[in-house]
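I have placed the structure first, in the form of structure tokens, so that the comments after it can refer back to it.
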Amino acid sequence: MNISFFLKPKVDVSYLVDDCPVRQALDDMMKSGFTAVPVISPKGKYVGTITEGDFLRLLLYHTPEQLDRMTVGQVERRVRHRSVTIDARMEDMVDLVAVQNFVPVTDGRGMFCGIITRSDVINQLRASCTKGK
């Protein structure tokens, strides 16, 4: 099965740009309701994922004045979400979605295309299991 079947396109995904000020990023993430979101460069390349925990550590160890001068790209990220390319095998994507809530998807140039969520994969597997019964 082609992994693009599972793709939530970039236009439908919450993400942050790495030159975004931390204060704005915190607001955006709180509004999104997600605990982790992809981070992309201003040119659209996937550069990583940032989590609530990353922001919490930032708030604990920096003054408000320091935070005012920081961007998302300067935040230390502890969790390294791996990504797949749009032409990846289903097996590669399933291994990642087992340990990540979502898997970022890039094209051959590293440009962010969107995400594949764990829940979408589980729902598809459930549907294919019930068909066989």
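Quick note on naming: the chains in the structure tokens go A, B, ... in the order shown, residues restart at 1 in each chain, and ligands are numbered from 1 in order of appearance.
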Skip segment 85-92 of chain A itself and residues of its chain fewer than 6 positions away, then list as a list in words all residues within 8 Å of it, counting only C-alpha atoms.
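Once the adjacent positions are removed, what remains is Met1, Asn2, Ile3, Ser4, Val105, Thr106, Asp107, Gly108 and Gly110 of chain A.
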Backbone DSSP call of strand (DSSP E or B) for segment 41-93 of chain A, listed as a PyMOL selection string
chain A and resi 45-51+71+84-85
The residue from A:Arg80, A:Arg126, A:Arg109, A:Arg69 with the smallest atom-to-atom distance to Ala36 of chain A, counting only C-alpha atoms, is A:Arg80
Show me, as a ChimeraX atom specification, the residues that have an atom within 9 Å of Met29 of chain A when counting only C-alpha atoms, minus same-chain residues fewer than 6 positions from it.
/A:14-16,35-37,52
For N, CA, C and O atoms, I'd like the residues from the last selection saved as a compact mmCIF listing (two decimals), in the first residue's frame.
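Result written to selection-v3.txt:
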```
# COMPACT_ATOMS: atom_id res chain seq x y z
N SER A 14 -1.02 21.36 11.67
CA SER A 14 -0.40 22.42 12.48
C SER A 14 1.10 22.19 12.47
O SER A 14 1.56 21.07 12.71
N TYR A 15 1.85 23.24 12.20
CA TYR A 15 3.30 23.17 12.24
C TYR A 15 3.85 24.54 12.60
O TYR A 15 3.12 25.53 12.58
N LEU A 16 5.12 24.57 12.96
CA LEU A 16 5.78 25.84 13.30
C LEU A 16 6.96 26.04 12.37
O LEU A 16 7.59 25.07 11.94
N THR A 35 0.27 18.09 21.43
CA THR A 35 1.40 18.03 22.36
C THR A 35 2.74 18.01 21.62
O THR A 35 3.79 18.15 22.25
N ALA A 36 2.71 17.84 20.32
CA ALA A 36 3.92 17.87 19.50
C ALA A 36 3.52 18.33 18.10
O ALA A 36 2.44 17.96 17.61
N VAL A 37 4.36 19.15 17.48
CA VAL A 37 4.10 19.61 16.12
C VAL A 37 5.40 19.63 15.31
O VAL A 37 6.48 19.85 15.87
N GLU A 52 5.59 19.79 23.89
CA GLU A 52 5.29 20.58 25.08
C GLU A 52 6.43 20.49 26.08
O GLU A 52 6.77 21.47 26.75
```
Distance in Å - atom CA of Asn101 of chain A versus atom CA of Ser119 of chain A:
8.0 Å
So what do you get for atom CA of Leu58 of chain A versus atom CA of Ser41 of chain A, distance-wise?
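Taking atom CA of Leu58 of chain A as the start and atom CA of Ser41 of chain A as the end point, the length is 20.2 Å.
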Please provide as a PDB file with C-alpha atoms, in the first residue's frame all residues within 12 Å of Ile122 of chain A, with the sequence filter that same-chain residues fewer than 4 positions apart are discarded (counting only C-alpha atoms).
```
ATOM      1  CA  PHE A   6      -2.496   8.047   4.808  1.00  0.00           C
ATOM      2  CA  VAL A  94       4.551   1.364  10.482  1.00  0.00           C
ATOM      3  CA  VAL A  97       4.176   5.176  13.868  1.00  0.00           C
ATOM      4  CA  ALA A  98       4.482   2.489  16.537  1.00  0.00           C
ATOM      5  CA  ASN A 101       2.146   9.811  17.457  1.00  0.00           C
ATOM      6  CA  PHE A 102       2.730  10.949  13.901  1.00  0.00           C
ATOM      7  CA  ILE A 116       0.770  10.314   8.858  1.00  0.00           C
ATOM      8  CA  THR A 117      -0.967   9.826  12.191  1.00  0.00           C
ATOM      9  CA  ARG A 118      -0.898   6.722  14.321  1.00  0.00           C
ATOM     10  CA  ARG A 126      -8.619  -2.405  11.875  1.00  0.00           C
ATOM     11  CA  ALA A 127     -10.711  -1.998   8.727  1.00  0.00           C
ATOM     12  CA  SER A 128      -8.542  -4.425   6.764  1.00  0.00           C
ATOM     13  CA  CYS A 129      -8.739  -6.984   9.608  1.00  0.00           C
TER      14      CYS A 129
END
```
Give me, as a PyMOL selection string, the residues of segment 1-123 of chain A that a backbone DSSP run labels alpha helix (DSSP H).
chain A and resi 22-32+52-61+64-68+90-97+118-123
